[in-house]
2 protein chains.
Amino acid sequence: MTVLFDTHRGLLEEALRALETRGFWTPFPEVPSGKIYGESARDEGQTAFDSSIGNPFELPEHPGANSVGAEASPWGFDLGITYPAADVSDLVAASQAAAPAWVEAGPKAWVGVCLEILTRLNRMSFQMGHAVMHTSGQAFPMAFQAGGPHAQDRGLEAVAMAWSEMVRVPETAIWEKPQGKGSPLVLEKHWQIMPRGLSLIIGCNTFPNWNSYPGLFASLATGNTLIVKPHPSAILPLALTVRVAREVLTEAGYPADTVLLAPDATGAEITQNLVRDPAVRIIDYTGSNVFGEWVRSHAGADTQVYTEETGVNSIVIAATDDFAGMCANIAFSLSLYSGQMCTAPQNIFIPRAGIDTDEGQKSFDEVAQGISAAVDALLSDPMRASGVCGTLANPATAERVANAHALGRVIRESHALDEGRSASPLILAVEAGETDAFENECFGPISFIVAVDDAKAGVAVAADLAQHKGAITAALYDTDEDRISDAAAAFARAGVNLSINLTGNIYVNQSAAFSDFHVTGANPAGNASLTDAAFVANRFRVVMWRRPRAA
Amino acid sequence: MTVLFDTHRGLLEEALRALETRGFWTPFPEVPSGKIYGESARDEGQTAFDSSIGNPFELPEHPGANSVGAEASPWGFDLGITYPAADVSDLVAASQAAAPAWVEAGPKAWVGVCLEILTRLNRMSFQMGHAVMHTSGQAFPMAFQAGGPHAQDRGLEAVAMAWSEMVRVPETAIWEKPQGKGSPLVLEKHWQIMPRGLSLIIGCNTFPNWNSYPGLFASLATGNTLIVKPHPSAILPLALTVRVAREVLTEAGYPADTVLLAPDATGAEITQNLVRDPAVRIIDYTGSNVFGEWVRSHAGADTQVYTEETGVNSIVIAATDDFAGMCANIAFSLSLYSGQMCTAPQNIFIPRAGIDTDEGQKSFDEVAQGISAAVDALLSDPMRASGVCGTLANPATAERVANAHALGRVIRESHALDEGRSASPLILAVEAGETDAFENECFGPISFIVAVDDAKAGVAVAADLAQHKGAITAALYDTDEDRISDAAAAFARAGVNLSINLTGNIYVNQSAAFSDFHVTGANPAGNASLTDAAFVANRFRVVMWRRPRAA
C-alpha cells in the first residue's frame, strides 16, 4: 500500500532537501489566514472546537470502557470533555495485536501514512489552535502556530529524517567475493527494516503537540506502534491527533490500534505503569527533570528513552550597539507565553559596573530598568498583553510567581492580566555571589538579572549552569568579536545553542524545524535532539536473509 | 590538521560507496601473503611478537606506576608480558585532560587520525596475528584475519559511517524567513560536532580486536576520548592497537592520552569501577549476557551502552538438494575455532521423521551421522584439525565440554587435538520436548542435534529461542520456497539474520564488513549492530550558534 507515499513523495523530497541545507523552509504556513487555509477554515475550526465542549470525545473502536477527562481552560472555563480510558494492560495488548499488520506494511506505507496524517492535521489547524489554546493556556495566535503548523513541521522533519536513515540500508545486494582463480562466492542478500516495538509518547501540558510530534512521527514512520499518553491537563490536542491517525490508518487498511490514546486523570496517572511495562521499547518524554530522571531510571534497560527536560536558560549582556532593540527583544522573550517555553530565558547576567551601548555607558540598574521598561511598553495595551503572555497553564506557576518576590530585589512587579489565570513578568535583581536562587529553574514569568564581575564571568556562570543544570538556549549581546568567539566556544562546550545579538522579530525562544536542532542532548536539559539522526536511527533495526545466488 | 584526512580521503570515499551498495569490498587483504604485505612482513611480524615475550610492554608516557599482565597462550606457554596499569581515577583524569585539544581538532582531524591508525595496523597484521593467536587461542590464519584485516575492515566501516552521519550536519547555513512585504529575517547559523565524552571499550577474550574496533573507531572518529579495557587474558592485541593510536596522535600533534589502555588482572578487574565512573558517557561491551546485564543496569542513566552479548544460534534442516555439501558446510561451522565464535551454531533442528535429500530420504540419525562424519573427515589430518579448531581460550570451556556428555545421546565424541588446550566438536542428540539443555548457551565445541516434529516446528523453536535467549545467526536448509519464505519471516520477527542453503566456502559464522550488519540489536544477543547509523549517531551531539547576518 504505497498510494499515500506516492501522493506525498514531493513533500518528502522537499523536506529531505531542507534538512540538508537547513535554510528556512516549511510547507505548513504559520499565518492563521483564511486566504491560506480557506475562507471558511476559521469558522469551521471554531465550530468544531465549540461542539466538542462538554461532550464525550469520539474515538471509534478505541479500547476503553471507562472515561476520564477534567481539562480546564486557563482562560477560564471547564472543557468538560471525556475520553475513552483503558487499563494499561488492555492498551498494551491492543497495541501488540495491531503490530504484525503494521510491521508488515514496510517503510513506504509507514511514511505515506505519516505524511497523510500531517497534511490532514494541517487542514484542521484552526480547530487545533483552539484545542491547544484552552489546554496550554497559550494565546490563540501562538497556539495556532505551535500546535498547528510548527508542530506539523517538527513531525514532518522527523518523518523525513527517519526515511533518510531507513533508505541508507539497501533492500538487496549481490555480494561477490573473488576466490583467486576459482569461481567467486556469490550471495544475494535481502534486508528488512524492523521496528523496535511499542513506542510510548509522554506529552506535556504547555506544548502538547509541538513536543510530542517529533517522537510520535519518528516512531510511527519507522513501523512502531504507539501509545500516546497526554498530560491530564492537555488531552484534547493529542486526542485530535490520535483520531486523525486512526482515521488514516483505517482508510489505508491498517489497524486503527496502531495508534492509541492513554488519557488519565490528575492524581491517578498511569504513566509509571506504562513506563515500566516490559512491552514498551521506546519512550519519548517531555517534562520536569524530576520525573524525567524517574523515567530514565525505571524504563527497562533495553528501552530507548528520549527526553526533553527542564533547564535554566541564560542571557549574557556584555555590550550592545542597539540598546533599545536589545531591551525590546529581551522583553518579548521574557513575556512570550509568560516564560513557560522551554526555550525562555530565566537569567540575565550583566556586569556589575555596567556596559557600553550605542546610548553611552549604562549602569547595571539602567540596563535592568531598560529591560523592565521595555516589558511595560510591550504590555501596555491589555489585549496585546494577553496576546503575548497568554495564561499560566498550571495554578502552581501562579503560586510560584507570588512566592518569588522574596528571592531578590524587585525590578518589575508582576501583575495579573485582564484575561484568564495570568501574571506578567516578575523581574528580580540579585548578586551572583549572594544567592543561588537563580541557579534553579523557576518555571514561569520569573527572571533574575544577575550582577557579575564582568562579561566573562557571566559567560562562565551561564555556561556552568547549562552544563550542570541543563539549558536549551543561551543568548549573548556583545560587540567584541574576540569575546563573542570565546563565549561561543564556552556555550558549545556546555552543549547549549547560542543566539547572538538578536533584535527585531527573531527571538532566542524560537527554534525552527528543518534548521535549528532543538535541545542538544549534551546537557541535563534533555538526552535527545529534535531532530537529528540519533533521534530516529535507533527506533528501528535491520534484519537480513542471505543465500547463494540462484544460477 | 587535516593532512591525514587528505591523505586517506580516497580510502574514506571508497568505504562510503561500499556502505551504500553493501557488495563485497575491502581495502585490507585477508590473505597472509608476502606478495601482498611485503616479502619481509611475515618474518618481521614473528620477530616483533617474539621479542615482546617476557618483557614489559612499552607504552611511552602512558599513566600507570603499577604493572599487570599474566596472559598465557592457549597454545601452551606464558606470554610473560607486563603492561603499565593506572588507577581508574588516574585514567579518567588523564582522559579528561586530553579531551579539550582532541575535541577542538574537529571531524576531519578525528577521521584522518583514525584512518592513519587503521592503515598502520594493517601493515603490522602479521605481528597482530601472533598476538591474537596467543591470547584468543585461534589458529594463526584465523587470528591473522580476524585480528588483522577483518578487524580493520570493521574499524574502517565504523569510521566511514561516523563520517557520513557527521557531514549530514552542514557547518553553516543562511536562514532567511520571508516577512510578507517587509525585509526577511536573516540569520547565519554555525554548527559544531561535539563528542559525547569519555568512551569505554570493554574487550573480550575470543575476538579482542574484531569486537572492539567498531566501538573504538566509532568513538574516536566522533571526537571522544577512549579508555580501552582489554580482557585480562587478551591484552596484547589491544595494547598494540593503543600504542599505534598514541603514536599517530602524538605525531599529529594531539595528546597521546586521547587513547588509554586499562589492563587489569583476573580476580582484580577494574571494569565495574570504570562502568560506574560518572565521567564515562559511552560504553561498548562484548561478553556474556550475565555481565552485560550488569553493565546495562549499572552504567549511568545518561551513558550510552552498546553491547554484543551471548545467544543461542540455530540451524534448521528441512530438506536439501546437496546433502554432502550441507554436512561439510555445517561441519566446518561447528569446528571453526571450536564453536567459540559468537556466530557459531549450537543447535541443529531436524524433523524426527527425517528429511528429503538429493541422496534420497534420510532419517534423523542418518542426518546426524552425516554431519558427524563430515566433522571427522574435516579433522582427519591433525595439523588441519588444529588449523581449523584452534584451541580453547578459556579452561572453563574445556571443563564444559567434559561435563556436557550427560546432556544428550552422544553422536560424536570430543577429543583433544594435537596442539594446545583443545577439544574437537562434541555432538549430542536430544528430543525437543524432553530436555531444555539446548536452550541455554553452551559456549565452545558443543552442539545439539534436536529432534522436532517437522521443519515448521524447528523454525518455531529456533526463532523463539532467538527472540528470548538471543541469537546472532540462524541457518536454514530447505528446498521448498514457501517454507523458506515463512522461515525468513519468522527469523526476521525474532531479529536474527538468516543464511539459507550455504554450501561450499561460505559459512553461517562469517559476517563481512561493509555488507553484513553484525548482530541486529533486536534480540537479547546485543542491543547494537555493527555498524549501522544507530551505532554511530549517538556518539556525538550538535551545537549551534546563530546571529543576524552581517549586512
# chains A, B, ... in the order shown; residues from 1 in each chain; ligands from 1
$ select_by_dssp --residues "segment 220-365 of chain B" --states "helix (DSSP H, G or I)" --output "VMD selection string"
chain B and resid 220 to 221 236 to 251 256 to 258 271 to 276 289 to 298 323 to 339 364 to 365
$ write_last_selection --atoms "C-alpha atoms" --output "PDB file, in the first residue's frame"
ATOM      1  CA  LEU B 220      37.427   8.114  18.236  1.00  0.00           C
ATOM      2  CA  ALA B 221      36.152   9.274  14.844  1.00  0.00           C
ATOM      3  CA  LEU B 236      48.328  -7.708  23.837  1.00  0.00           C
ATOM      4  CA  PRO B 237      46.236  -7.136  20.692  1.00  0.00           C
ATOM      5  CA  LEU B 238      44.564  -4.064  22.157  1.00  0.00           C
ATOM      6  CA  ALA B 239      47.818  -2.854  23.718  1.00  0.00           C
ATOM      7  CA  LEU B 240      49.385  -2.905  20.258  1.00  0.00           C
ATOM      8  CA  THR B 241      46.354  -1.070  18.917  1.00  0.00           C
ATOM      9  CA  VAL B 242      46.534   1.570  21.640  1.00  0.00           C
ATOM     10  CA  ARG B 243      50.253   2.034  21.041  1.00  0.00           C
ATOM     11  CA  VAL B 244      49.715   2.690  17.352  1.00  0.00           C
ATOM     12  CA  ALA B 245      46.891   5.090  18.153  1.00  0.00           C
ATOM     13  CA  ARG B 246      49.062   7.009  20.603  1.00  0.00           C
ATOM     14  CA  GLU B 247      51.912   7.198  18.085  1.00  0.00           C
ATOM     15  CA  VAL B 248      49.657   8.617  15.405  1.00  0.00           C
ATOM     16  CA  LEU B 249      48.057  11.069  17.825  1.00  0.00           C
ATOM     17  CA  THR B 250      51.433  12.286  19.036  1.00  0.00           C
ATOM     18  CA  GLU B 251      52.815  12.704  15.530  1.00  0.00           C
ATOM     19  CA  ALA B 256      48.562  10.654  23.337  1.00  0.00           C
ATOM     20  CA  ASP B 257      46.228  10.179  26.310  1.00  0.00           C
ATOM     21  CA  THR B 258      43.277  10.585  23.962  1.00  0.00           C
ATOM     22  CA  THR B 271      35.765  -2.970  34.832  1.00  0.00           C
ATOM     23  CA  GLN B 272      32.995  -2.309  37.321  1.00  0.00           C
ATOM     24  CA  ASN B 273      34.695   0.824  38.590  1.00  0.00           C
ATOM     25  CA  LEU B 274      35.117   2.062  35.054  1.00  0.00           C
ATOM     26  CA  VAL B 275      31.486   1.329  34.160  1.00  0.00           C
ATOM     27  CA  ARG B 276      30.222   3.201  37.206  1.00  0.00           C
ATOM     28  CA  ASN B 289      24.905 -11.627  28.964  1.00  0.00           C
ATOM     29  CA  VAL B 290      25.293 -12.002  32.731  1.00  0.00           C
ATOM     30  CA  PHE B 291      27.904  -9.283  32.924  1.00  0.00           C
ATOM     31  CA  GLY B 292      26.238  -7.488  30.020  1.00  0.00           C
ATOM     32  CA  GLU B 293      23.104  -7.098  32.073  1.00  0.00           C
ATOM     33  CA  TRP B 294      25.203  -5.776  34.932  1.00  0.00           C
ATOM     34  CA  VAL B 295      26.817  -3.223  32.626  1.00  0.00           C
ATOM     35  CA  ARG B 296      23.483  -2.124  31.167  1.00  0.00           C
ATOM     36  CA  SER B 297      21.915  -1.673  34.578  1.00  0.00           C
ATOM     37  CA  HIS B 298      24.900  -0.088  36.370  1.00  0.00           C
ATOM     38  CA  PHE B 323      23.385 -33.457   1.387  1.00  0.00           C
ATOM     39  CA  ALA B 324      27.151 -33.868   1.247  1.00  0.00           C
ATOM     40  CA  GLY B 325      27.716 -30.142   0.740  1.00  0.00           C
ATOM     41  CA  MET B 326      25.379 -29.319   3.601  1.00  0.00           C
ATOM     42  CA  CYS B 327      27.081 -31.716   6.000  1.00  0.00           C
ATOM     43  CA  ALA B 328      30.537 -30.439   5.069  1.00  0.00           C
ATOM     44  CA  ASN B 329      29.422 -26.847   5.468  1.00  0.00           C
ATOM     45  CA  ILE B 330      27.863 -27.454   8.874  1.00  0.00           C
ATOM     46  CA  ALA B 331      30.884 -29.493   9.981  1.00  0.00           C
ATOM     47  CA  PHE B 332      33.139 -26.547   9.273  1.00  0.00           C
ATOM     48  CA  SER B 333      30.834 -24.133  11.100  1.00  0.00           C
ATOM     49  CA  LEU B 334      30.818 -26.388  14.170  1.00  0.00           C
ATOM     50  CA  SER B 335      34.582 -26.882  14.108  1.00  0.00           C
ATOM     51  CA  LEU B 336      35.880 -23.426  13.269  1.00  0.00           C
ATOM     52  CA  TYR B 337      37.600 -22.012  16.365  1.00  0.00           C
ATOM     53  CA  SER B 338      35.887 -24.765  18.361  1.00  0.00           C
ATOM     54  CA  GLY B 339      32.484 -23.119  18.409  1.00  0.00           C
ATOM     55  CA  PHE B 364      17.130 -38.227  11.724  1.00  0.00           C
ATOM     56  CA  ASP B 365      20.061 -40.430  12.689  1.00  0.00           C
TER      57      ASP B 365
END
$ interface_residues --of "chain B" --to "chain A" --cutoff "8 Å" --atoms "only C-alpha atoms" --output "JSON, numbers by chain"
{"B": [20, 21, 22, 23, 24, 165, 168, 169, 170, 173, 174, 175, 176, 177, 185, 192, 194, 196, 296, 297, 301, 302, 488, 492, 493, 495, 496, 497, 498, 499, 500, 501, 502, 505, 506, 515, 517, 520, 521, 522, 527, 533, 534, 537, 538, 541, 542, 543, 544, 545, 546, 547, 548]}
$ residues_around --residues "Ala85 of chain B" --least-positions-apart "5" --cutoff "10 Å" --atoms "only C-alpha atoms" --output "ChimeraX atom specification"
/B:62-69,90-91,261-265
$ select_by_dssp --residues "segment 66-306 of chain B" --states "strand (DSSP E)" --output "ChimeraX atom specification"
/B:66-68,72-73,77-78,83-85,172-179,182-195,198-202,225-229,259-261,280-286,304-306
$ atom_distance --atom1 "atom CA of Pro141 of chain A" --atom2 "atom CA of Phe49 of chain A"
15.5 Å
$ residues_around --residues "segment 135-138 of chain B" --least-positions-apart "3" --cutoff "8 Å" --atoms "only C-alpha atoms" --output "list in words"
Glu71, Ala72, Ser73, Pro74, Trp75, Ala131, Val132, Met142, Ala143, Asn205, Thr206, Phe207, Pro208, Ser233, Ala234, Ile235, Leu236, Tyr337, Cys389, Gly390, Thr391, Leu392 and Ala393 of chain B
$ residues_around --residues "Gln152 of chain B" --least-positions-apart "3" --cutoff "7 Å" --atoms "only C-alpha atoms" --output "number ranges by chain"
B: 118, 122, 148-149, 155-156
$ atom_distance --atom1 "atom CA of Ala406 of chain B" --atom2 "atom CA of Ala139 of chain B"
29.2 Å
